[in-house]
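What follows is query14.txt (compact mmCIF, C-alpha atoms).
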# COMPACT_ATOMS: atom_id res chain seq x y z
CA MET A 23 -5.12 14.44 -26.39
CA SER A 24 -3.50 11.27 -25.10
CA VAL A 25 -3.67 10.17 -21.48
CA LYS A 26 -0.56 11.21 -19.53
CA ARG A 27 -1.17 9.63 -16.13
CA PHE A 28 -3.80 7.59 -14.33
CA ILE A 29 -5.14 6.96 -10.87
CA ARG A 30 -7.47 4.30 -9.48
CA PHE A 31 -10.13 5.42 -7.03
CA GLU A 32 -13.61 5.10 -5.59
CA ASP A 33 -16.01 7.93 -6.40
CA GLU A 34 -18.69 9.32 -4.10
CA SER A 35 -20.99 6.39 -4.88
CA LYS A 36 -18.13 3.94 -4.09
CA THR A 37 -17.85 2.96 -7.75
CA LEU A 38 -14.37 1.88 -8.77
CA GLN A 39 -12.97 4.16 -11.46
CA TYR A 40 -9.81 5.00 -13.35
CA GLY A 41 -9.15 8.69 -13.84
CA GLU A 42 -6.64 11.22 -15.09
CA PRO A 43 -5.65 14.02 -12.73
CA SER A 44 -4.00 17.14 -14.08
CA SER A 45 -0.31 17.88 -13.52
CA SER A 46 -1.31 20.54 -10.98
CA ASP A 47 -3.73 18.20 -9.16
CA VAL A 48 -0.99 15.68 -8.33
CA LYS A 49 0.93 18.35 -6.41
CA GLY A 50 -1.53 18.04 -3.51
CA SER A 51 -3.93 15.51 -2.05
CA LEU A 52 -6.11 14.03 -4.76
CA GLU A 53 -9.01 13.08 -2.52
CA GLY A 54 -11.88 15.52 -2.96
CA LYS A 55 -10.72 16.63 -6.40
CA SER A 56 -12.58 16.18 -9.68
CA VAL A 57 -10.76 14.15 -12.34
CA ASP A 58 -11.48 12.99 -15.87
CA ILE A 59 -12.94 9.47 -15.95
CA LEU A 60 -11.09 6.98 -18.14
CA SER A 61 -12.41 3.82 -19.78
CA GLY A 62 -10.16 0.81 -20.33
CA ASP A 63 -7.39 -0.57 -18.17
CA PRO A 64 -3.67 0.03 -17.61
CA TYR A 65 -2.45 -2.70 -19.95
CA GLY A 66 -5.04 -2.49 -22.72
CA GLY A 67 -4.99 1.28 -22.80
CA PHE A 68 -7.24 4.14 -21.72
CA THR A 69 -9.58 6.52 -23.50
CA LYS A 70 -11.16 9.64 -22.11
CA THR A 71 -14.92 9.47 -21.55
CA GLY A 72 -15.60 13.20 -21.36
CA LYS A 73 -17.05 12.69 -17.88
CA GLN A 74 -15.69 13.62 -14.47
CA ALA A 75 -15.96 12.26 -10.94
CA ILE A 76 -14.89 13.27 -7.45
CA VAL A 77 -12.12 11.18 -5.89
CA LYS A 78 -13.60 9.94 -2.61
CA THR A 79 -10.94 7.31 -1.79
CA LEU A 80 -7.65 7.08 -3.66
CA LEU A 81 -6.46 3.50 -4.16
CA SER A 82 -3.22 1.94 -5.30
CA PRO A 83 -2.89 2.69 -9.03
CA LEU A 84 -2.35 -1.05 -9.53
CA GLU A 85 -5.05 -3.44 -8.37
CA SER A 86 -2.35 -6.08 -7.91
CA THR A 87 1.18 -6.96 -8.91
CA PRO A 88 2.72 -10.40 -9.44
CA ILE A 89 5.89 -9.37 -7.59
CA PHE A 90 8.09 -6.49 -6.57
CA GLU A 91 11.59 -6.74 -8.01
CA CYS A 92 13.83 -4.50 -5.94
CA ILE A 93 17.28 -3.04 -6.48
CA GLY A 94 19.61 -2.27 -3.58
CA LEU A 95 22.52 0.15 -3.43
CA ASN A 96 21.69 1.95 -6.67
CA TYR A 97 22.49 5.57 -5.83
CA ALA A 98 26.08 6.75 -5.71
CA HIS A 99 25.57 9.00 -2.69
CA HIS A 100 23.76 6.21 -0.82
CA ALA A 101 26.66 3.81 -1.48
CA LYS A 102 29.03 6.46 -0.12
CA GLU A 103 27.04 7.02 3.09
CA ALA A 104 26.88 3.24 3.62
CA ASN A 105 30.64 2.98 2.95
CA LEU A 106 29.97 0.20 0.45
CA THR A 107 31.48 -0.49 -2.95
CA PRO A 108 28.80 -1.32 -5.53
CA PRO A 109 29.10 -4.89 -6.84
CA SER A 110 29.55 -5.78 -10.50
CA TYR A 111 25.81 -6.46 -10.88
CA PRO A 112 22.84 -4.86 -9.12
CA VAL A 113 21.78 -6.11 -5.71
CA VAL A 114 18.39 -7.78 -6.26
CA PHE A 115 15.74 -8.86 -3.78
CA THR A 116 11.97 -9.22 -3.95
CA LYS A 117 8.82 -8.32 -2.08
CA PRO A 118 5.66 -10.43 -2.36
CA ALA A 119 2.39 -9.29 -3.90
CA ASP A 120 0.82 -8.62 -0.48
CA ALA A 121 3.41 -5.92 0.22
CA LEU A 122 1.38 -3.66 -2.08
CA ALA A 123 -0.39 -0.73 -0.40
CA GLY A 124 -2.13 2.42 -1.55
CA PRO A 125 -0.68 5.93 -1.50
CA TYR A 126 -2.70 7.17 1.48
CA GLU A 127 -3.11 3.91 3.42
CA ASP A 128 -2.02 3.48 7.01
CA ILE A 129 0.79 0.94 7.28
CA PRO A 130 0.39 -1.58 10.15
CA ILE A 131 3.69 -2.63 11.71
CA HIS A 132 4.06 -5.99 13.45
CA PRO A 133 5.38 -5.64 17.03
CA GLU A 134 8.61 -7.45 16.17
CA ALA A 135 9.30 -5.13 13.22
CA GLN A 136 9.06 -1.84 15.13
CA SER A 137 12.45 -1.33 16.77
CA GLN A 138 14.44 -0.23 13.70
CA LEU A 139 11.80 0.65 11.14
CA ASP A 140 13.11 2.62 8.17
CA TYR A 141 11.88 4.32 5.01
CA GLU A 142 13.34 4.21 1.50
CA GLY A 143 11.82 6.57 -1.04
CA GLU A 144 12.10 5.14 -4.56
CA LEU A 145 11.13 5.53 -8.20
CA VAL A 146 9.02 2.52 -9.18
CA VAL A 147 8.82 1.15 -12.73
CA ILE A 148 5.70 -0.73 -13.87
CA ILE A 149 6.18 -3.36 -16.60
CA SER A 150 3.59 -3.23 -19.39
CA ARG A 151 3.95 -6.67 -21.00
CA ASP A 152 5.73 -9.97 -20.47
CA GLY A 153 9.35 -9.97 -21.57
CA LYS A 154 12.45 -12.12 -21.37
CA ASN A 155 16.06 -11.43 -22.39
CA ILE A 156 15.18 -7.82 -23.07
CA PRO A 157 18.08 -5.84 -24.56
CA GLU A 158 18.86 -2.43 -23.12
CA SER A 159 17.98 -0.87 -26.46
CA GLU A 160 14.38 -2.10 -26.13
CA ALA A 161 13.98 -1.95 -22.35
CA LEU A 162 11.95 1.25 -22.08
CA SER A 163 9.38 -0.10 -24.57
CA TYR A 164 8.41 -2.59 -21.83
CA VAL A 165 7.64 0.18 -19.34
CA LEU A 166 4.01 1.10 -18.71
CA GLY A 167 4.94 4.03 -16.53
CA TYR A 168 6.50 5.30 -13.33
CA THR A 169 5.24 5.89 -9.82
CA ALA A 170 6.52 6.69 -6.34
CA GLY A 171 7.16 4.01 -3.73
CA ASN A 172 8.43 3.46 -0.21
CA ASP A 173 10.53 0.35 0.39
CA ILE A 174 9.68 0.07 4.09
CA SER A 175 12.36 -1.91 5.92
CA ALA A 176 12.58 -3.55 9.35
CA ARG A 177 16.34 -3.14 9.81
CA ASN A 178 16.39 -5.39 12.88
CA PHE A 179 15.75 -8.31 10.51
CA GLN A 180 18.27 -7.05 7.94
CA ILE A 181 21.40 -5.98 9.83
CA PRO A 182 23.88 -7.29 10.86
CA ALA A 183 24.66 -10.19 8.53
CA SER A 184 24.71 -12.56 11.51
CA ILE A 185 20.94 -12.02 11.73
CA SER A 186 19.99 -12.03 8.05
CA GLY A 187 22.81 -13.83 6.26
CA ASN A 188 23.02 -10.68 4.13
CA GLN A 189 19.53 -11.38 2.76
CA PHE A 190 17.24 -8.33 2.51
CA GLY A 191 13.95 -9.94 1.54
CA TYR A 192 12.43 -10.89 4.90
CA ALA A 193 13.03 -7.47 6.45
CA LYS A 194 11.19 -5.79 3.61
CA SER A 195 8.37 -8.22 2.85
CA PHE A 196 5.76 -7.63 5.54
CA ASP A 197 2.21 -6.89 4.38
CA LYS A 198 1.85 -3.33 3.01
CA PHE A 199 5.60 -2.66 3.12
CA ALA A 200 5.47 -1.31 -0.47
CA PRO A 201 3.01 1.57 -0.79
CA ILE A 202 2.97 3.10 -4.29
CA GLY A 203 1.22 5.99 -6.02
CA PRO A 204 -0.51 8.34 -6.14
CA CYS A 205 -0.61 8.00 -9.92
CA VAL A 206 1.25 6.21 -12.67
CA LEU A 207 2.95 8.62 -15.04
CA LEU A 208 2.78 6.90 -18.41
CA ALA A 209 6.15 6.24 -20.00
CA GLU A 210 5.77 7.99 -23.34
CA GLY A 211 7.97 11.07 -23.47
CA VAL A 212 9.40 10.57 -19.96
CA ASP A 213 13.16 10.31 -19.35
CA PRO A 214 13.39 8.26 -16.13
CA GLN A 215 16.98 9.42 -15.55
CA ARG A 216 15.91 13.07 -15.31
CA LEU A 217 13.41 13.00 -12.44
CA THR A 218 13.79 14.55 -9.01
CA TYR A 219 12.20 13.51 -5.74
CA THR A 220 12.16 13.99 -2.00
CA THR A 221 11.28 11.86 1.00
CA LYS A 222 9.90 13.55 4.11
CA VAL A 223 9.11 12.27 7.60
CA ASN A 224 6.57 14.44 9.42
CA GLY A 225 7.35 17.22 6.95
CA GLU A 226 11.14 17.07 7.46
CA VAL A 227 13.15 16.41 4.29
CA ARG A 228 15.22 13.24 4.76
CA GLN A 229 16.06 12.34 1.15
CA GLN A 230 16.45 14.55 -1.90
CA THR A 231 17.86 13.33 -5.21
CA GLY A 232 17.81 13.24 -8.95
CA THR A 233 17.57 9.90 -10.70
CA ASP A 234 20.75 10.86 -12.57
CA ASP A 235 22.57 9.69 -9.41
CA MET A 236 21.58 6.07 -10.17
CA ILE A 237 24.46 3.63 -10.60
CA TRP A 238 22.41 1.36 -12.90
CA THR A 239 19.91 3.00 -15.23
CA ILE A 240 16.35 1.82 -15.75
CA LYS A 241 17.39 0.28 -19.08
CA GLN A 242 20.22 -1.65 -17.42
CA ILE A 243 17.99 -2.83 -14.57
CA ILE A 244 15.31 -4.20 -16.92
CA ALA A 245 17.90 -5.98 -19.07
CA HIS A 246 19.50 -7.52 -15.98
CA LEU A 247 16.23 -8.65 -14.37
CA SER A 248 14.98 -10.23 -17.61
CA ARG A 249 18.16 -12.21 -18.32
CA GLY A 250 16.87 -15.78 -18.62
CA THR A 251 13.85 -14.76 -16.55
CA THR A 252 10.39 -13.66 -17.63
CA LEU A 253 9.34 -10.25 -16.31
CA ARG A 254 5.58 -10.47 -16.06
CA LYS A 255 3.13 -7.74 -16.97
CA GLY A 256 2.39 -5.68 -13.88
CA THR A 257 5.72 -6.34 -12.19
CA ALA A 258 6.73 -3.37 -10.05
CA ILE A 259 10.45 -2.62 -9.98
CA MET A 260 11.67 -0.59 -7.01
CA THR A 261 14.83 0.98 -8.38
CA GLY A 262 16.78 1.80 -5.23
CA THR A 263 16.91 4.56 -2.64
CA PRO A 264 19.15 7.61 -2.38
CA SER A 265 21.16 8.79 0.61
CA GLY A 266 19.37 9.95 3.76
CA VAL A 267 17.81 6.77 5.18
CA GLY A 268 17.23 6.69 8.92
CA LEU A 269 19.80 3.95 9.46
CA PHE A 270 22.71 6.26 8.66
CA MET A 271 21.51 9.30 10.61
CA GLU A 272 23.04 10.22 13.97
CA PRO A 273 21.04 9.92 16.08
CA LYS A 274 19.20 7.22 14.14
CA GLY A 275 16.14 8.40 12.27
CA PHE A 276 14.00 5.30 12.60
CA LEU A 277 10.24 5.61 12.25
CA LYS A 278 7.93 5.81 15.24
CA ASP A 279 4.26 5.12 15.78
CA GLY A 280 2.19 7.83 14.09
CA ASP A 281 4.95 9.11 11.79
CA VAL A 282 3.89 10.14 8.29
CA VAL A 283 6.24 9.31 5.40
CA GLU A 284 5.87 11.23 2.15
CA VAL A 285 7.61 10.36 -1.13
CA ASP A 286 7.10 13.06 -3.75
CA ILE A 287 8.33 12.61 -7.34
CA GLU A 288 8.26 15.27 -10.02
CA GLY A 289 5.20 14.85 -12.27
CA ILE A 290 3.84 11.94 -10.20
CA GLY A 291 2.93 13.51 -6.87
CA ALA A 292 3.28 12.33 -3.31
CA LEU A 293 2.28 9.20 -1.47
CA ARG A 294 1.66 9.84 2.22
CA ASN A 295 1.44 6.91 4.61
CA LYS A 296 0.98 6.93 8.37
CA ILE A 297 2.89 4.33 10.37
CA ILE A 298 0.72 2.44 12.87
CA PHE A 299 2.43 0.20 15.42
CA GLU A 300 0.32 -2.86 16.19
CA LYS A 301 0.00 -3.86 19.83

Target format structure tokens, applied to this file:
Amino acid sequence: MSVKRFIRFEDESKTLQYGEPSSSDVKGSLEGKSVDILSGDPYGGFTKTGKQAIVKTLLSPLESTPIFECIGLNYAHHAKEANLTPPSYPVVFTKPADALAGPYEDIPIHPEAQSQLDYEGELVVIISRDGKNIPESEALSYVLGYTAGNDISARNFQIPASISGNQFGYAKSFDKFAPIGPCVLLAEGVDPQRLTYTTKVNGEVRQQTGTDDMIWTIKQIIAHLSRGTTLRKGTAIMTGTPSGVGLFMEPKGFLKDGDVVEVDIEGIGALRNKIIFEK
């Protein structure tokens, strides 16, 4: 049988491994569970070894990424709650490589980024090979797989425009502001426009959506991002957040020290990150 999903982890002897959890395993915490060991790597392909190991520490499924390409205002209900009309092309911003964090990592928050800290649960697309000027008809063939992500945002550096000049990048680019995981669901046989997910803060549901609410589909996003620009292997595309962010709650639902944010996507599982305010 082919590999359906993969994780990256340390086993009980602290050996770095790739493994395949079952569809039922990803519904809970993966640490402490036994998974099939895989040989190979995400881009060259995996084979099953017939051996198993216990997940001692779950790591980011990607060791690194060259960049996060991020899409803003890509869910119809989110655009409505923000009272914004979607532009003719997707809103695009980036996060640097050091924004990457693992699915169970604590997220340290700089003192000046704490006052209006927000979550954005998102479906994340991982690019499998370099591509440029990719047509929509071929776009999904450049997808390695899908994972869950949280586009953590320091709104005090984003809003209003007099502070940020309407630029999103700085507010979202602090170290570890892009946790992803727990696994990568490989692309074969997956319709990315038919997934459902929720975002919870301390167990309270804040966001709940289907990816059929996207304004721009995954195919359209990949074609747009690769227009005249090379999308590198390993690029992580954060595809936008649905309605329910803390910014638009009354009273505001900004994150506090010690809060736990969970983003749970059908077939992928949940990342769970604790927010730690630095002194």

Quiz item: Within 7 Å of (17.5, 11.0, -8.1), all atoms listed in the file: residues as a list in words?
Solution: Leu217, Thr218, Tyr219, Thr231, Gly232, Thr233, Asp234, Asp235, Met236 and Pro264 of chain A

Expected axis-aligned box over every listed atom of segment 150-165 of chain A, 5 Å added per side, centre plus edges in Å to one decimal, as JSON:
{"center_x": 11.2, "center_y": -5.4, "center_z": -22.9, "size_x": 25.3, "size_y": 23.4, "size_z": 17.1}

Counting only C-alpha atoms, give me one row per residue of segment 77-185 of chain A with an atom at most 10 Å from an atom of segment 205-212 of chain A, showing the shortest contact pair and its distance in Å to one decimal, sorted by chain then residue number, as a tab-separated table.
residue	atom	partner	partner_atom	distance
A:Leu80	CA	A:Cys205	CA	9.5
A:Leu81	CA	A:Cys205	CA	9.4
A:Ser82	CA	A:Cys205	CA	8.1
A:Pro83	CA	A:Cys205	CA	5.8
A:Leu84	CA	A:Val206	CA	8.7
A:Pro125	CA	A:Cys205	CA	8.7
A:Val146	CA	A:Val206	CA	9.3
A:Val147	CA	A:Val206	CA	9.1
A:Ile148	CA	A:Val206	CA	8.3
A:Ser150	CA	A:Ala209	CA	9.8
A:Leu162	CA	A:Ala209	CA	7.9
A:Ser163	CA	A:Ala209	CA	8.5
A:Tyr164	CA	A:Ala209	CA	9.3
A:Val165	CA	A:Ala209	CA	6.3
A:Leu166	CA	A:Ala209	CA	5.7
A:Gly167	CA	A:Leu208	CA	4.1
A:Tyr168	CA	A:Leu207	CA	5.2
A:Thr169	CA	A:Val206	CA	4.9
A:Ala170	CA	A:Cys205	CA	8.1

Using all atoms listed in the file, determine which residues lie at most 6 Å from segment 243-260 of chain A, disregarding the query and same-chain residues fewer than 5 positions distant; provide the list as a PyMOL selection string. chain A and resi 87-92+146-158

Protein/DNA/RNA residues near (-17.3, 14.3, -17.8), cut 9 Å, only C-alpha atoms, as a list in words: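 Protein and nucleic acid residues near the point are Val57, Asp58, Ile59, Lys70, Thr71, Gly72, Lys73, Gln74 and Ala75 of chain A.
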
Would you tabulate, counting only C-alpha atoms, all residues of segment 87-111 of chain A that have an atom at most 10 Å from an atom of segment 267-281 of chain A, showing the closest pair of atoms and their distance in Å to one decimal, sorted by chain then ascending number, as a Markdown table?
| residue | atom | partner | partner_atom | distance |
| --- | --- | --- | --- | --- |
| A:His100 | CA | A:Val267 | CA | 8.5 |
| A:Glu103 | CA | A:Phe270 | CA | 7.1 |
| A:Ala104 | CA | A:Phe270 | CA | 7.2 |

* Please provide as a list in words all residues within 9 Å of Gly62 of chain A, with the sequence filter that same-chain residues fewer than 6 positions apart are discarded (counting only C-alpha atoms). =>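 That gives Tyr40, Phe68 and Thr69 of chain A.
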
Computed interatomic separation between atom CA of Lys55 of chain A and atom CA of Ile29 of chain A (Å):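 One can read the atom CA of Lys55 of chain A to atom CA of Ile29 of chain A distance as 12.0 Å.
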
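Going from atom CA of Pro118 of chain A to atom CA of Ser137 of chain A covers 22.2 Å.
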
Atom CA of Gly54 of chain A to atom CA of Glu42 of chain A measures 13.9 Å

- [ ] Might you pull out every residue within 8 Å of Ile240 of chain A, with all atoms listed in the file counted and same-chain residues fewer than 5 positions away left off, and present them as an MDAnalysis selection string?
- [x] chainID A and resid 161:162 214:215 261

Okay, now the selection with C-alpha atoms, as a tab-separated table (two decimals), in the frame of the given file?
chain	number	residue	atom	x	y	z
A	161	ALA	CA	13.98	-1.95	-22.35
A	162	LEU	CA	11.95	1.25	-22.08
A	214	PRO	CA	13.39	8.26	-16.13
A	215	GLN	CA	16.98	9.42	-15.55
A	261	THR	CA	14.83	0.98	-8.38

Residue with the minimum atom-to-atom distance to Val283 of chain A, picked from A:Phe179, A:Phe196, A:Tyr97, A:Tyr141 with all atoms listed in the file counted, is A:Tyr141

Next on the checklist: Which residues are close to Gly291 of chain A, i.e. within 6 Å by all atoms listed in the file, leaving aside same-chain residues fewer than 3 positions away? Reply as a count of residues only.
Outcome noted: 4

Contacts of segment 228-230 of chain A at 6 Å (all atoms listed in the file; same-chain gap of 2+ positions) as a count of residues only: 5
